[in-house]
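Asker: File final_27.cif follows (mmCIF, C-alpha atoms; chains and numbers go by the auth columns):
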data_input
loop_
_atom_site.group_PDB
_atom_site.id
_atom_site.type_symbol
_atom_site.label_atom_id
_atom_site.label_comp_id
_atom_site.label_asym_id
_atom_site.label_seq_id
_atom_site.Cartn_x
_atom_site.Cartn_y
_atom_site.Cartn_z
_atom_site.B_iso_or_equiv
_atom_site.auth_seq_id
_atom_site.auth_asym_id
ATOM 1 C CA PHE A 1 54.773 -77.253 18.981 0.00 1 N
ATOM 2 C CA ALA A 2 57.629 -74.739 18.747 0.00 2 N
ATOM 3 C CA SER A 3 59.612 -77.324 16.781 0.00 3 N
ATOM 4 C CA GLY A 4 56.669 -77.888 14.430 0.00 4 N
ATOM 5 C CA LEU A 5 56.238 -74.149 13.989 0.00 5 N
ATOM 6 C CA ASN A 6 59.900 -73.757 13.089 0.00 6 N
ATOM 7 C CA ALA A 7 59.579 -76.578 10.554 0.00 7 N
ATOM 8 C CA ALA A 8 56.496 -74.843 9.123 0.00 8 N
ATOM 9 C CA ILE A 9 58.134 -71.486 8.428 0.00 9 N
ATOM 10 C CA THR A 10 61.290 -72.996 6.935 0.00 10 N
ATOM 11 C CA GLY A 11 59.395 -75.208 4.485 0.00 11 N
ATOM 12 C CA GLU A 12 60.421 -78.498 6.099 0.00 12 N
ATOM 13 C CA LEU A 13 56.868 -79.296 7.229 0.00 13 N
ATOM 14 C CA SER A 14 55.435 -79.042 3.706 0.00 14 N
ATOM 15 C CA GLN A 15 58.189 -80.707 1.635 0.00 15 N
ATOM 16 C CA GLU A 16 55.911 -83.522 0.492 0.00 16 N
ATOM 17 C CA TRP A 17 53.166 -81.068 -0.454 0.00 17 N
ATOM 18 C CA ARG A 18 55.553 -79.176 -2.758 0.00 18 N
ATOM 19 C CA ARG A 19 56.644 -82.412 -4.447 0.00 19 N
ATOM 20 C CA ALA A 20 52.999 -83.279 -5.077 0.00 20 N
ATOM 21 C CA HIS A 21 52.170 -79.784 -6.410 0.00 21 N
ATOM 22 C CA PRO A 22 55.102 -78.754 -8.653 0.00 22 N
ATOM 23 C CA ASN A 23 53.063 -76.363 -10.831 0.00 23 N
ATOM 24 C CA THR A 24 51.745 -74.130 -8.045 0.00 24 N
ATOM 25 C CA GLU A 25 52.010 -70.382 -8.650 0.00 25 N
ATOM 26 C CA THR A 26 55.001 -69.068 -6.721 0.00 26 N
ATOM 27 C CA ALA A 27 54.489 -66.684 -3.828 0.00 27 N
ATOM 28 C CA SER A 28 56.680 -64.040 -5.512 0.00 28 N
ATOM 29 C CA ASP A 29 54.591 -64.117 -8.714 0.00 29 N
ATOM 30 C CA ARG A 30 51.364 -63.640 -6.798 0.00 30 N
ATOM 31 C CA LEU A 31 52.906 -60.906 -4.637 0.00 31 N
ATOM 32 C CA ASN A 32 54.131 -58.963 -7.676 0.00 32 N
ATOM 33 C CA LYS A 33 50.680 -59.160 -9.282 0.00 33 N
ATOM 34 C CA LYS A 34 48.979 -57.883 -6.129 0.00 34 N
ATOM 35 C CA LEU A 35 51.449 -55.039 -5.608 0.00 35 N
ATOM 36 C CA THR A 36 51.045 -53.973 -9.249 0.00 36 N
ATOM 37 C CA GLN A 37 47.259 -54.118 -8.884 0.00 37 N
ATOM 38 C CA ARG A 38 47.399 -52.098 -5.672 0.00 38 N
ATOM 39 C CA HIS A 39 49.445 -49.415 -7.397 0.00 39 N
ATOM 40 C CA SER A 40 47.151 -49.229 -10.435 0.00 40 N
ATOM 41 C CA GLN A 41 44.037 -48.950 -8.243 0.00 41 N
ATOM 42 C CA TRP A 42 45.463 -46.218 -5.996 0.00 42 N
ATOM 43 C CA LYS A 43 42.976 -43.357 -5.520 0.00 43 N
ATOM 44 C CA GLY A 44 44.388 -41.726 -2.401 0.00 44 N
ATOM 45 C CA ASN A 45 45.896 -38.275 -1.974 0.00 45 N
ATOM 46 C CA GLY A 46 49.407 -37.717 -3.315 0.00 46 N
ATOM 47 C CA ASN A 47 51.675 -40.209 -5.007 0.00 47 N
ATOM 48 C CA TYR A 48 51.413 -43.914 -4.344 0.00 48 N
ATOM 49 C CA GLN A 49 54.083 -45.146 -1.940 0.00 49 N
ATOM 50 C CA GLU A 50 55.324 -48.682 -2.369 0.00 50 N
ATOM 51 C CA PRO A 51 55.245 -50.760 0.824 0.00 51 N
ATOM 52 C CA ASP A 52 58.623 -51.184 2.476 0.00 52 N
ATOM 53 C CA PRO A 53 60.347 -54.516 1.752 0.00 53 N
ATOM 54 C CA PRO A 54 61.457 -56.883 4.538 0.00 54 N
ATOM 55 C CA VAL A 55 64.600 -56.156 6.526 0.00 55 N
ATOM 56 C CA ALA A 56 66.511 -59.336 7.360 0.00 56 N
ATOM 57 C CA ASN A 57 69.328 -59.159 9.887 0.00 57 N
ATOM 58 C CA LYS A 58 70.745 -62.470 8.678 0.00 58 N
ATOM 59 C CA PRO A 59 70.288 -64.798 5.685 0.00 59 N
ATOM 60 C CA ILE A 60 67.004 -66.731 5.703 0.00 60 N
ATOM 61 C CA ASN A 61 66.831 -69.942 3.690 0.00 61 N
ATOM 62 C CA ILE A 62 63.417 -70.712 2.199 0.00 62 N
ATOM 63 C CA PRO A 63 62.142 -72.918 -0.671 0.00 63 N
ATOM 64 C CA ASN A 64 62.448 -71.408 -4.140 0.00 64 N
ATOM 65 C CA THR A 65 58.646 -71.195 -4.533 0.00 65 N
ATOM 66 C CA TRP A 66 58.441 -69.002 -1.415 0.00 66 N
ATOM 67 C CA THR A 67 59.419 -65.382 -1.031 0.00 67 N
ATOM 68 C CA LEU A 68 60.475 -63.124 1.821 0.00 68 N
ATOM 69 C CA VAL A 69 57.957 -60.347 2.489 0.00 69 N
ATOM 70 C CA SER A 70 57.249 -57.637 5.031 0.00 70 N
ATOM 71 C CA PRO A 71 53.952 -57.370 6.950 0.00 71 N
ATOM 72 C CA GLU A 72 53.396 -54.108 5.081 0.00 72 N
ATOM 73 C CA GLN A 73 53.494 -55.886 1.724 0.00 73 N
ATOM 74 C CA ILE A 74 50.864 -58.487 2.643 0.00 74 N
ATOM 75 C CA SER A 75 48.513 -56.294 4.689 0.00 75 N
ATOM 76 C CA THR A 76 45.687 -54.057 3.530 0.00 76 N
ATOM 77 C CA HIS A 77 45.714 -52.221 6.887 0.00 77 N
ATOM 78 C CA ILE A 78 48.211 -51.846 9.733 0.00 78 N
ATOM 79 C CA VAL A 79 46.915 -49.817 12.661 0.00 79 N
ATOM 80 C CA ASP A 80 48.481 -48.880 15.984 0.00 80 N
ATOM 81 C CA CYS A 81 46.232 -48.829 19.041 0.00 81 N
ATOM 82 C CA PRO A 82 44.994 -45.584 20.648 0.00 82 N
ATOM 83 C CA HIS A 83 47.602 -44.274 23.088 0.00 83 N
ATOM 84 C CA SER A 84 45.198 -43.624 25.939 0.00 84 N
ATOM 85 C CA THR A 85 43.655 -45.576 28.777 0.00 85 N
ATOM 86 C CA PRO A 86 39.934 -45.997 28.145 0.00 86 N
ATOM 87 C CA LYS A 87 37.279 -45.298 30.737 0.00 87 N
ATOM 88 C CA TRP A 88 36.202 -48.697 31.979 0.00 88 N
ATOM 89 C CA THR A 89 32.575 -49.710 32.559 0.00 89 N
ATOM 90 C CA ASN A 90 30.962 -52.690 34.288 0.00 90 N
ATOM 91 C CA SER A 91 29.453 -53.897 31.027 0.00 91 N
ATOM 92 C CA GLY A 92 29.342 -52.929 27.370 0.00 92 N
ATOM 93 C CA VAL A 93 31.810 -53.700 24.585 0.00 93 N
ATOM 94 C CA PRO A 94 34.957 -55.761 25.365 0.00 94 N
ATOM 95 C CA CYS A 95 38.245 -53.847 25.158 0.00 95 N
ATOM 96 C CA LEU A 96 41.194 -56.157 24.561 0.00 96 N
ATOM 97 C CA ARG A 97 44.409 -55.748 26.535 0.00 97 N
ATOM 98 C CA THR A 98 47.736 -57.536 26.247 0.00 98 N
ATOM 99 C CA THR A 99 46.881 -59.378 29.494 0.00 99 N
ATOM 100 C CA ASN A 100 44.237 -61.211 27.451 0.00 100 N
ATOM 101 C CA PHE A 101 47.019 -62.692 25.272 0.00 101 N
ATOM 102 C CA LYS A 102 47.363 -66.238 26.592 0.00 102 N
ATOM 103 C CA ALA A 103 49.153 -69.283 25.190 0.00 103 N
ATOM 104 C CA GLY A 104 47.462 -69.963 21.864 0.00 104 N
ATOM 105 C CA PHE A 105 44.299 -67.918 22.380 0.00 105 N
ATOM 106 C CA LEU A 106 42.668 -64.716 23.592 0.00 106 N
ATOM 107 C CA ASP A 107 41.413 -65.104 27.160 0.00 107 N
ATOM 108 C CA LEU A 108 38.027 -63.396 27.356 0.00 108 N
ATOM 109 C CA GLU A 109 37.221 -64.541 30.889 0.00 109 N
ATOM 110 C CA SER A 110 38.963 -61.538 32.443 0.00 110 N
ATOM 111 C CA VAL A 111 38.068 -58.996 29.753 0.00 111 N
ATOM 112 C CA GLN A 112 37.196 -55.402 30.652 0.00 112 N
ATOM 113 C CA PHE A 113 34.475 -53.301 29.046 0.00 113 N
ATOM 114 C CA VAL A 114 33.934 -49.820 27.638 0.00 114 N
ATOM 115 C CA SER A 115 30.822 -47.896 26.689 0.00 115 N
ATOM 116 C CA GLU A 116 29.471 -47.769 23.147 0.00 116 N
ATOM 117 C CA GLU A 117 30.665 -44.173 22.886 0.00 117 N
ATOM 118 C CA THR A 118 34.217 -45.085 23.936 0.00 118 N
ATOM 119 C CA TYR A 119 34.145 -48.039 21.545 0.00 119 N
ATOM 120 C CA LYS A 120 33.325 -45.759 18.599 0.00 120 N
ATOM 121 C CA GLU A 121 36.163 -43.423 19.575 0.00 121 N
ATOM 122 C CA ARG A 122 38.695 -46.256 19.718 0.00 122 N
ATOM 123 C CA ILE A 123 37.797 -47.754 16.333 0.00 123 N
ATOM 124 C CA MET A 124 38.072 -44.514 14.359 0.00 124 N
ATOM 125 C CA ARG A 125 41.211 -45.721 12.566 0.00 125 N
ATOM 126 C CA LEU A 126 39.900 -49.220 11.854 0.00 126 N
ATOM 127 C CA GLU A 127 37.154 -51.317 13.400 0.00 127 N
ATOM 128 C CA PRO A 128 38.566 -54.698 14.472 0.00 128 N
ATOM 129 C CA LYS A 129 36.924 -57.733 12.918 0.00 129 N
ATOM 130 C CA PRO A 130 37.342 -61.504 13.219 0.00 130 N
ATOM 131 C CA GLY A 131 40.463 -62.680 11.414 0.00 131 N
ATOM 132 C CA ASP A 132 42.445 -59.533 12.171 0.00 132 N
ATOM 133 C CA VAL A 133 45.785 -60.239 13.851 0.00 133 N
ATOM 134 C CA LEU A 134 46.746 -58.415 17.049 0.00 134 N
ATOM 135 C CA TYR A 135 50.382 -58.035 18.064 0.00 135 N
ATOM 136 C CA SER A 136 51.711 -56.881 21.437 0.00 136 N
ATOM 137 C CA ARG A 137 54.584 -54.454 21.005 0.00 137 N
ATOM 138 C CA GLU A 138 55.270 -53.071 24.495 0.00 138 N
ATOM 139 C CA GLY A 139 55.718 -54.113 28.104 0.00 139 N
ATOM 140 C CA GLY A 140 56.100 -57.509 29.747 0.00 140 N
ATOM 141 C CA ILE A 141 53.824 -59.268 27.263 0.00 141 N
ATOM 142 C CA LEU A 142 55.881 -58.422 24.207 0.00 142 N
ATOM 143 C CA GLY A 143 56.049 -60.017 20.774 0.00 143 N
ATOM 144 C CA ILE A 144 52.903 -62.165 20.932 0.00 144 N
ATOM 145 C CA ALA A 145 50.361 -62.421 18.115 0.00 145 N
ATOM 146 C CA ARG A 146 46.740 -63.494 18.471 0.00 146 N
ATOM 147 C CA ILE A 147 43.798 -63.690 16.043 0.00 147 N
ATOM 148 C CA ILE A 148 40.462 -62.038 16.805 0.00 148 N
ATOM 149 C CA PRO A 149 38.027 -64.996 16.951 0.00 149 N
ATOM 150 C CA LYS A 150 34.663 -65.294 15.244 0.00 150 N
ATOM 151 C CA ASN A 151 31.672 -63.408 16.646 0.00 151 N
ATOM 152 C CA LEU A 152 33.797 -61.084 18.800 0.00 152 N
ATOM 153 C CA ARG A 153 33.037 -57.355 18.693 0.00 153 N
ATOM 154 C CA ALA A 154 35.801 -55.557 20.537 0.00 154 N
ATOM 155 C CA CYS A 155 38.128 -52.568 20.470 0.00 155 N
ATOM 156 C CA LEU A 156 41.814 -52.300 21.303 0.00 156 N
ATOM 157 C CA GLY A 157 43.372 -51.238 24.552 0.00 157 N
ATOM 158 C CA GLN A 158 47.007 -50.126 24.580 0.00 158 N
ATOM 159 C CA ARG A 159 50.384 -51.606 23.620 0.00 159 N
ATOM 160 C CA MET A 160 49.253 -53.511 20.539 0.00 160 N
ATOM 161 C CA MET A 161 48.922 -53.295 16.761 0.00 161 N
ATOM 162 C CA GLN A 162 46.269 -54.586 14.396 0.00 162 N
ATOM 163 C CA PHE A 163 46.932 -56.247 11.027 0.00 163 N
ATOM 164 C CA ARG A 164 44.344 -56.906 8.352 0.00 164 N
ATOM 165 C CA LEU A 165 45.897 -59.187 5.770 0.00 165 N
ATOM 166 C CA ASP A 166 45.305 -59.405 2.053 0.00 166 N
ATOM 167 C CA ASP A 167 43.647 -62.833 2.036 0.00 167 N
ATOM 168 C CA ASN A 168 44.938 -63.496 -1.476 0.00 168 N
ATOM 169 C CA LEU A 169 48.476 -63.402 -0.107 0.00 169 N
ATOM 170 C CA ALA A 170 48.504 -64.573 3.500 0.00 170 N
ATOM 171 C CA LEU A 171 46.321 -66.487 5.944 0.00 171 N
ATOM 172 C CA PRO A 172 45.926 -64.951 9.424 0.00 172 N
ATOM 173 C CA GLU A 173 46.718 -68.310 11.045 0.00 173 N
ATOM 174 C CA TYR A 174 49.982 -68.653 9.115 0.00 174 N
ATOM 175 C CA PHE A 175 51.006 -65.038 9.704 0.00 175 N
ATOM 176 C CA THR A 176 50.264 -65.405 13.428 0.00 176 N
ATOM 177 C CA GLY A 177 52.420 -68.529 13.529 0.00 177 N
ATOM 178 C CA VAL A 178 55.362 -66.717 11.944 0.00 178 N
ATOM 179 C CA LEU A 179 55.076 -63.802 14.391 0.00 179 N
ATOM 180 C CA ASN A 180 55.065 -66.279 17.306 0.00 180 N
ATOM 181 C CA SER A 181 57.989 -68.321 15.966 0.00 181 N
ATOM 182 C CA THR A 182 61.469 -68.370 17.480 0.00 182 N
ATOM 183 C CA SER A 183 62.741 -66.683 14.303 0.00 183 N
ATOM 184 C CA ILE A 184 60.739 -63.495 14.911 0.00 184 N
ATOM 185 C CA LEU A 185 61.072 -63.708 18.696 0.00 185 N
ATOM 186 C CA SER A 186 64.865 -63.665 18.313 0.00 186 N
ATOM 187 C CA GLU A 187 64.477 -60.572 16.130 0.00 187 N
ATOM 188 C CA VAL A 188 62.342 -58.994 18.868 0.00 188 N
ATOM 189 C CA GLN A 189 65.046 -59.711 21.438 0.00 189 N
ATOM 190 C CA ARG A 190 67.689 -58.217 19.168 0.00 190 N
ATOM 191 C CA LEU A 191 65.677 -55.033 18.636 0.00 191 N
ATOM 192 C CA THR A 192 64.707 -54.523 22.281 0.00 192 N
ATOM 193 C CA GLY A 193 67.958 -55.683 23.893 0.00 193 N
ATOM 194 C CA GLY A 194 67.863 -55.679 27.667 0.00 194 N
ATOM 195 C CA ALA A 195 65.615 -52.642 28.017 0.00 195 N
ATOM 196 C CA ALA A 196 63.819 -52.310 31.345 0.00 196 N
ATOM 197 C CA SER A 197 60.635 -51.221 29.540 0.00 197 N
ATOM 198 C CA PRO A 198 60.955 -52.966 26.168 0.00 198 N
ATOM 199 C CA HIS A 199 58.967 -51.804 23.171 0.00 199 N
ATOM 200 C CA LEU A 200 59.111 -52.327 19.430 0.00 200 N
ATOM 201 C CA ASN A 201 59.052 -49.501 16.919 0.00 201 N
ATOM 202 C CA ILE A 202 56.192 -49.687 14.456 0.00 202 N
ATOM 203 C CA ARG A 203 58.543 -49.333 11.497 0.00 203 N
ATOM 204 C CA ASP A 204 60.577 -52.340 12.667 0.00 204 N
ATOM 205 C CA ILE A 205 57.422 -54.457 12.916 0.00 205 N
ATOM 206 C CA ARG A 206 56.239 -53.331 9.480 0.00 206 N
ATOM 207 C CA THR A 207 59.475 -54.668 7.953 0.00 207 N
ATOM 208 C CA PHE A 208 59.814 -57.958 9.850 0.00 208 N
ATOM 209 C CA PRO A 209 61.117 -60.687 7.471 0.00 209 N
ATOM 210 C CA ILE A 210 58.177 -63.037 6.859 0.00 210 N
ATOM 211 C CA PRO A 211 58.806 -66.283 4.893 0.00 211 N
ATOM 212 C CA LEU A 212 55.765 -66.525 2.605 0.00 212 N
ATOM 213 C CA PRO A 213 54.689 -69.766 0.883 0.00 213 N
ATOM 214 C CA PRO A 214 52.097 -69.897 -1.905 0.00 214 N
ATOM 215 C CA ILE A 215 48.584 -69.469 -0.485 0.00 215 N
ATOM 216 C CA ALA A 216 47.611 -73.099 -1.215 0.00 216 N
ATOM 217 C CA GLU A 217 50.679 -74.312 0.682 0.00 217 N
ATOM 218 C CA GLN A 218 49.747 -72.043 3.586 0.00 218 N
ATOM 219 C CA HIS A 219 46.402 -73.861 3.876 0.00 219 N
ATOM 220 C CA TYR A 220 48.276 -77.155 4.113 0.00 220 N
ATOM 221 C CA ILE A 221 50.707 -75.777 6.727 0.00 221 N
ATOM 222 C CA VAL A 222 47.905 -74.343 8.873 0.00 222 N
ATOM 223 C CA ALA A 223 46.084 -77.701 8.815 0.00 223 N
ATOM 224 C CA LYS A 224 49.272 -79.502 9.883 0.00 224 N
ATOM 225 C CA LEU A 225 49.886 -76.996 12.677 0.00 225 N
ATOM 226 C CA ASP A 226 46.309 -77.469 13.901 0.00 226 N
ATOM 227 C CA THR A 227 46.994 -81.207 14.167 0.00 227 N
ATOM 228 C CA ILE A 228 50.249 -80.604 16.040 0.00 228 N
ATOM 229 C CA SER A 229 48.514 -78.133 18.350 0.00 229 N
ATOM 230 C CA ALA A 230 45.739 -80.626 19.159 0.00 230 N
ATOM 231 C CA GLU A 231 48.320 -83.328 19.944 0.00 231 N
ATOM 232 C CA THR A 232 50.306 -80.881 22.071 0.00 232 N
ATOM 233 C CA GLN A 233 47.192 -80.008 24.081 0.00 233 N
ATOM 234 C CA ARG A 234 46.369 -83.716 24.513 0.00 234 N
ATOM 235 C CA LEU A 235 49.854 -84.423 25.842 0.00 235 N
ATOM 236 C CA GLU A 236 49.697 -81.402 28.130 0.00 236 N
ATOM 237 C CA SER A 237 46.389 -82.642 29.550 0.00 237 N
ATOM 238 C CA ILE A 238 47.936 -86.074 30.259 0.00 238 N
ATOM 239 C CA TYR A 239 50.967 -84.388 31.809 0.00 239 N
ATOM 240 C CA GLN A 240 48.773 -82.305 34.136 0.00 240 N
ATOM 241 C CA GLN A 241 46.763 -85.393 35.134 0.00 241 N
ATOM 242 C CA LYS A 242 49.973 -87.255 35.984 0.00 242 N
ATOM 243 C CA LEU A 243 51.232 -84.327 38.054 0.00 243 N
ATOM 244 C CA ALA A 244 47.948 -84.259 39.979 0.00 244 N
ATOM 245 C CA ALA A 245 48.142 -88.034 40.548 0.00 245 N
ATOM 246 C CA LEU A 246 51.734 -87.760 41.786 0.00 246 N
ATOM 247 C CA GLU A 247 50.765 -84.961 44.162 0.00 247 N
ATOM 248 C CA GLU A 248 47.950 -87.111 45.592 0.00 248 N
ATOM 249 C CA LEU A 249 50.360 -90.047 45.953 0.00 249 N
ATOM 250 C CA LYS A 250 52.836 -87.810 47.783 0.00 250 N
ATOM 251 C CA LYS A 251 50.148 -86.636 50.212 0.00 251 N
ATOM 252 C CA SER A 252 49.030 -90.229 50.803 0.00 252 N
ATOM 253 C CA LEU A 253 52.577 -91.423 51.505 0.00 253 N
ATOM 254 C CA LEU A 254 53.246 -88.521 53.863 0.00 254 N
ATOM 255 C CA HIS A 255 50.013 -89.240 55.739 0.00 255 N
ATOM 256 C CA GLN A 256 50.934 -92.908 56.066 0.00 256 N
ATOM 257 C CA ALA A 257 54.438 -91.984 57.220 0.00 257 N
ATOM 258 C CA PHE A 258 53.267 -89.592 59.938 0.00 258 N
ATOM 259 C CA THR A 259 50.579 -92.000 61.203 0.00 259 N
ATOM 260 C CA GLY A 260 52.900 -94.999 61.255 0.00 260 N
ATOM 261 C CA ALA A 261 50.927 -96.829 58.584 0.00 261 N
ATOM 262 C CA LEU A 262 53.827 -96.806 56.156 0.00 262 N
#
Mind turning this structure into structure tokens?

Answerer:
Amino acid sequence: FASGLNAAITGELSQEWRRAHPNTETASDRLNKKLTQRHSQWKGNGNYQEPDPPVANKPINIPNTWTLVSPEQISTHIVDCPHSTPKWTNSGVPCLRTTNFKAGFLDLESVQFVSEETYKERIMRLEPKPGDVLYSREGGILGIARIIPKNLRACLGQRMMQFRLDDNLALPEYFTGVLNSTSILSEVQRLTGGAASPHLNIRDIRTFPIPLPPIAEQHYIVAKLDTISAETQRLESIYQQKLAALEELKKSLLHQAFTGAL
């Protein structure tokens, strides 16, 4: 899957799609239109501030219809979590922690809860909604992105950020894949070094270099990654079954050996 993900964010996975769709609007054209629109529609206090561009530590080769962007350029909201430990309750509203970030999904079996009052306090900056992308930026579970699934009402614990993407520019599934790719993980390792308590600065995350294909190509890439993920899970299931069978065979042989039956 990691190999497929790397092929996805370099354009290798969707080469045939680009050949079949030569007249697709480029990602840079769409980005420029959206940034211009954002500026013209600005009604906030003070002068409009352009989003910071991506910061690339090394050259990144991408197809000419793609563009390199920062999370800040393709997001409508970027919010850091509250820096406080909530008061836990036995039931109520789920509060997501980085320990819920499992391989490929959010594990809600071991979720903890907060009261409705605490929930309202923790969503004052932005109420999480399905499709938002969460990103762990501190501690042992560092540099992992997960999407809030459908029908989940939850607030954020600590050590994570929340991205709400401009859906005209980027799909949450594609953006999550890029954040979980070896390309960004190597950037995380470079930025955190060998720190005993590693953490990422918000500004660094906001300017991660994100290879961005046209939105139509992103749909194709996400569909291909879903297929690869399903095949990966199928192979993992077979692998686990074979391990279990081998363990049973080992026990049987040992029993026969110790009883003289072998």

Asker: Can you tell me, as a ChimeraX atom specification, what residues are no more than 7 Å from Gly139 of chain N when counting only C-alpha atoms, ignoring any on the same chain fewer than 4 positions away?

Answerer: /N:197-199

Asker: Give me, as JSON lines, each residue of segment 142-245 of chain N that comes within 12 Å of segment 5-28 of chain N, together with its shortest interatomic pair and the distance in Å at one decimal, counting only C-alpha atoms, with rows ordered by chain and rising residue number.

Answerer:
{"residue": "N:Asn168", "atom": "CA", "partner": "N:Ala27", "partner_atom": "CA", "distance": 10.3}
{"residue": "N:Leu169", "atom": "CA", "partner": "N:Ala27", "partner_atom": "CA", "distance": 7.8}
{"residue": "N:Ala170", "atom": "CA", "partner": "N:Ala27", "partner_atom": "CA", "distance": 9.7}
{"residue": "N:Glu173", "atom": "CA", "partner": "N:Leu5", "partner_atom": "CA", "distance": 11.5}
{"residue": "N:Tyr174", "atom": "CA", "partner": "N:Ile9", "partner_atom": "CA", "distance": 8.7}
{"residue": "N:Phe175", "atom": "CA", "partner": "N:Ile9", "partner_atom": "CA", "distance": 9.7}
{"residue": "N:Thr176", "atom": "CA", "partner": "N:Leu5", "partner_atom": "CA", "distance": 10.6}
{"residue": "N:Gly177", "atom": "CA", "partner": "N:Leu5", "partner_atom": "CA", "distance": 6.8}
{"residue": "N:Val178", "atom": "CA", "partner": "N:Ile9", "partner_atom": "CA", "distance": 6.5}
{"residue": "N:Leu179", "atom": "CA", "partner": "N:Ile9", "partner_atom": "CA", "distance": 10.2}
{"residue": "N:Asn180", "atom": "CA", "partner": "N:Leu5", "partner_atom": "CA", "distance": 8.6}
{"residue": "N:Ser181", "atom": "CA", "partner": "N:Leu5", "partner_atom": "CA", "distance": 6.4}
{"residue": "N:Thr182", "atom": "CA", "partner": "N:Asn6", "partner_atom": "CA", "distance": 7.1}
{"residue": "N:Ser183", "atom": "CA", "partner": "N:Asn6", "partner_atom": "CA", "distance": 7.7}
{"residue": "N:Ile184", "atom": "CA", "partner": "N:Asn6", "partner_atom": "CA", "distance": 10.5}
{"residue": "N:Leu185", "atom": "CA", "partner": "N:Asn6", "partner_atom": "CA", "distance": 11.6}
{"residue": "N:Pro209", "atom": "CA", "partner": "N:Ile9", "partner_atom": "CA", "distance": 11.2}
{"residue": "N:Ile210", "atom": "CA", "partner": "N:Ile9", "partner_atom": "CA", "distance": 8.6}
{"residue": "N:Pro211", "atom": "CA", "partner": "N:Ile9", "partner_atom": "CA", "distance": 6.3}
{"residue": "N:Leu212", "atom": "CA", "partner": "N:Ala27", "partner_atom": "CA", "distance": 6.6}
{"residue": "N:Pro213", "atom": "CA", "partner": "N:Ala27", "partner_atom": "CA", "distance": 5.6}
{"residue": "N:Pro214", "atom": "CA", "partner": "N:Ala27", "partner_atom": "CA", "distance": 4.4}
{"residue": "N:Ile215", "atom": "CA", "partner": "N:Ala27", "partner_atom": "CA", "distance": 7.3}
{"residue": "N:Ala216", "atom": "CA", "partner": "N:Thr24", "partner_atom": "CA", "distance": 8.0}
{"residue": "N:Glu217", "atom": "CA", "partner": "N:Trp17", "partner_atom": "CA", "distance": 7.3}
{"residue": "N:Gln218", "atom": "CA", "partner": "N:Ser14", "partner_atom": "CA", "distance": 9.0}
{"residue": "N:His219", "atom": "CA", "partner": "N:Ser14", "partner_atom": "CA", "distance": 10.4}
{"residue": "N:Tyr220", "atom": "CA", "partner": "N:Ser14", "partner_atom": "CA", "distance": 7.4}
{"residue": "N:Ile221", "atom": "CA", "partner": "N:Ala8", "partner_atom": "CA", "distance": 6.3}
{"residue": "N:Val222", "atom": "CA", "partner": "N:Ala8", "partner_atom": "CA", "distance": 8.6}
{"residue": "N:Ala223", "atom": "CA", "partner": "N:Ser14", "partner_atom": "CA", "distance": 10.7}
{"residue": "N:Lys224", "atom": "CA", "partner": "N:Leu13", "partner_atom": "CA", "distance": 8.0}
{"residue": "N:Leu225", "atom": "CA", "partner": "N:Leu5", "partner_atom": "CA", "distance": 7.1}
{"residue": "N:Asp226", "atom": "CA", "partner": "N:Leu5", "partner_atom": "CA", "distance": 10.5}
{"residue": "N:Thr227", "atom": "CA", "partner": "N:Leu5", "partner_atom": "CA", "distance": 11.6}
{"residue": "N:Ile228", "atom": "CA", "partner": "N:Leu5", "partner_atom": "CA", "distance": 9.0}
{"residue": "N:Ser229", "atom": "CA", "partner": "N:Leu5", "partner_atom": "CA", "distance": 9.7}

Asker: Restricting the calculation to all atoms listed in the file: of N:Ser136, N:Ser237, N:Asn47, N:Thr259, which residue gets closest to Thr99 of chain N?

Answerer: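 Answer, going by the shortest atom-to-atom distance: N:Ser136.
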
Asker: So what do you get for atom CA of Thr85 of chain N versus atom CA of Gln158 of chain N, distance-wise?

Answerer: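 Calculated distance between atom CA of Thr85 of chain N and atom CA of Gln158 of chain N is 7.0 Å.
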
Asker: Find the distance between atom CA of Leu165 of chain N and atom CA of Asn201 of chain N and write it in Å to one decimal.

Answerer: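 According to the coordinates, atom CA of Leu165 of chain N and atom CA of Asn201 of chain N are separated by 19.8 Å.
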
Asker: Tell me, in Å to one decimal, how far atom CA of Pro82 of chain N is from atom CA of Lys102 of chain N.

Answerer: 21.6 Å

Asker: Just so the selection is clear, what residues does the PyMOL selection byres ((chain N and resi 54) around 12) cover here, as an NGL selection string?

Answerer: :N and (51-53 or 55-60 or 67-74 or 203-212)

Asker: Which neighbours of Glu127 of chain N fall inside 12 Å, counting only C-alpha atoms, when residues of the same chain fewer than 6 positions from it are skipped, and could you give them as a VMD selection string?

Answerer: chain N and resid 77 to 81 119 to 121 148 152 to 156 162 to 164
